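Asker: The structure's right below; bear with me while I get my questions together.
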Amino acid sequence: MRKPKLREVGEAVKALLRGPVTTKFPFEPFEPCEAFRGQPEFHEEDCIGCKACAEVCPTKCIEVFDDLHSVPPKRRLVLHYDKCIFCGHCELNCSTEAGIRLGKKYDLACFDRSTCTETVENELIVCEVCGTVVGALKHLLFVAERLGAKRYANPTLILISEGQYGLAEADARAGHGDSTREDLMRVTCPRCRRMLVIRELWGE
Ligand code: SF4
Ligand code: SF4
């Protein structure tokens with residue numbers, strides 16, 4: 001019976017000498033450790049709008065809005081960090097490995113949850129034949145760069161990447177109507193490309 005009591009006294013003396021192990025937050029700021037997983041933050045310069053982060057998020061707290069009526073069309077990713085579980089999957093699966101990172105912000109309490117958002121926007125490219133979304137401009141450029149010379153097998157990637165140098169303006173190839181041979185050399189979605197190739201090979 002006496003030994004446990006002596007041990008408790010020993011621990012109490014050690015605690016007195018060591019000082020408190022708890023932090024003084026919120027009275028004093030707390031500096032999180034290097035690997036801390038705080039509020040996820042988009043980094044616009046490295047985000048290509050591929051929405052991979054939204055697809056892997058287990059709580060579905062990243063919403064994707066494609067606004068086809070704005071000029072140019074835009075994709076907006078809205079992260080609701082009040083629903084985030086700080087798992088880090090978005091950061092881990094980000095295509096550029098830098099478009100979204102879990103920062104060190106941890107004091108996230110608020111009175112209005114609708115204000116707990118983090119947003120990033122990217123320009124969208126739409127199919128010149130049917131108007132559906134092909135992808136974000138920066139995403140297509142990212143893919144074209146990764147493919148190198150192989151991008152020249154895909155007219156959409158040729159037009160998007162070469163268009164950056166002013167060599168293939170959209171006006172120069174517009175107005176060919178529905179599914180003519182010239183449409184093969186337009187920015188198209190996969191479905192329209194398939195239909196155009198089938199018509200070109202086998203006719204109507
Ligand atoms: S940390 Fe996890 S829950 Fe939070 S946004 Fe990223 S993937 Fe979603
Ligand atoms: S680049 Fe990263 S942050 Fe941007 S949409 Fe893709 S996965 Fe999300």
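Each chain in the structure tokens gets a letter, A, B and so on, in the order shown; residues start at 1 in every chain, and ligands are counted from 1 in the order they appear.
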Would you mind listing what lies within 6 Å of stretch 72-87 of chain A as a list in words, with only C-alpha atoms counted and same-chain residues fewer than 2 positions away left out?
Answerer: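 Neighbouring residues, sequence-local ones excluded: Cys61, Ile62, Glu63, Val64, Phe65, Asp66, Asp67, Leu68, Ser70, His89, Cys116, Thr117, Glu118, Thr119, Val120, Glu121, Asn122, Glu123 and Leu124 of chain A.
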Asker: Could you pull the residues within 7 Å of stretch 145-157 of chain A, counting only C-alpha atoms, minus those fewer than 3 positions along the same chain, as a compact mmCIF listing (two decimals) with C-alpha atoms, in the first residue's frame?
Answerer:
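What landed in around_0.txt:
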```txt
# COMPACT_ATOMS: atom_id res chain seq x y z
CA LEU A 140 -5.63 19.89 -70.56
CA LEU A 141 -2.33 21.80 -70.77
CA PHE A 142 -1.00 19.68 -67.90
CA ILE A 160 -5.40 23.67 -76.79
CA SER A 161 -1.63 23.51 -76.39
CA MET A 185 -9.91 19.44 -86.26
CA ARG A 186 -11.92 21.08 -83.49
CA VAL A 187 -11.91 20.99 -79.71
CA THR A 188 -14.38 18.20 -78.95
```
Asker: Taking the DSSP secondary structure from the backbone, can you list the residues of stretch 70-169 of chain A that are strand (DSSP E or B), as a list of chain:residue names?
Answerer: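 DSSP-assigned strand (DSSP E or B) residues in stretch 70-169 of chain A: A:Lys74, A:Arg75, A:Arg76, A:Leu77, A:Val78, A:Leu79, A:His80, A:Ile100, A:Arg101, A:Leu102, A:Thr117, A:Glu118, A:Thr119, A:Val120, A:Glu121, A:Asn122, A:Glu123, A:Leu124, A:Ile125, A:Val126, A:Val133, A:Val134, A:Gly135, A:Ala136.
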Asker: Run DSSP on the backbone and grab whatever in stretch 39-70 of chain A lands in helix (DSSP H, G or I); send it over as a count of residues only.
Answerer: 8
Asker: Interatomic distance between atom CA of A:Lys138 and atom CA of A:Val56?
Answerer: 20.0 Å
Asker: Atom CA of A:Ile158 and atom CA of A:Ala144, how far apart in Å?
Answerer: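 We find that atom CA of A:Ala144 and atom CA of A:Ile158 lie 8.0 Å from each other.
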Asker: Nearest residue to A:Leu196 out of A:Cys130, A:Leu92, A:Leu159, A:Ala54, using only C-alpha atoms?
Answerer: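 Nearest to A:Leu196: A:Cys130.
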Asker: For atom CA of A:Glu45 and atom CA of A:Gly103, determine how far apart the two atoms are, in Å to one decimal place.
Answerer: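 Pair atom CA of A:Glu45 / atom CA of A:Gly103 returns 16.2 Å.
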Asker: With distances taken over only C-alpha atoms and all ligand atoms, which of A:Val197, A:Val21, A:Ile100, A:Val9 is nearest to ligand 1?
Answerer: A:Ile100
Asker: Could I get the residue neighbourhood of ligand 2 at 6 Å, counting only C-alpha atoms and all ligand atoms, as a PyMOL selection string?
Answerer: chain A and resi 42+47-53+94-96+99-100
Asker: Rank nothing, just name the residue among A:Leu102, A:His69, A:Glu97, A:Arg113 nearest to A:Ala35, using only C-alpha atoms.
Answerer: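 Among the listed residues, the smallest separation from A:Ala35 belongs to A:Leu102.
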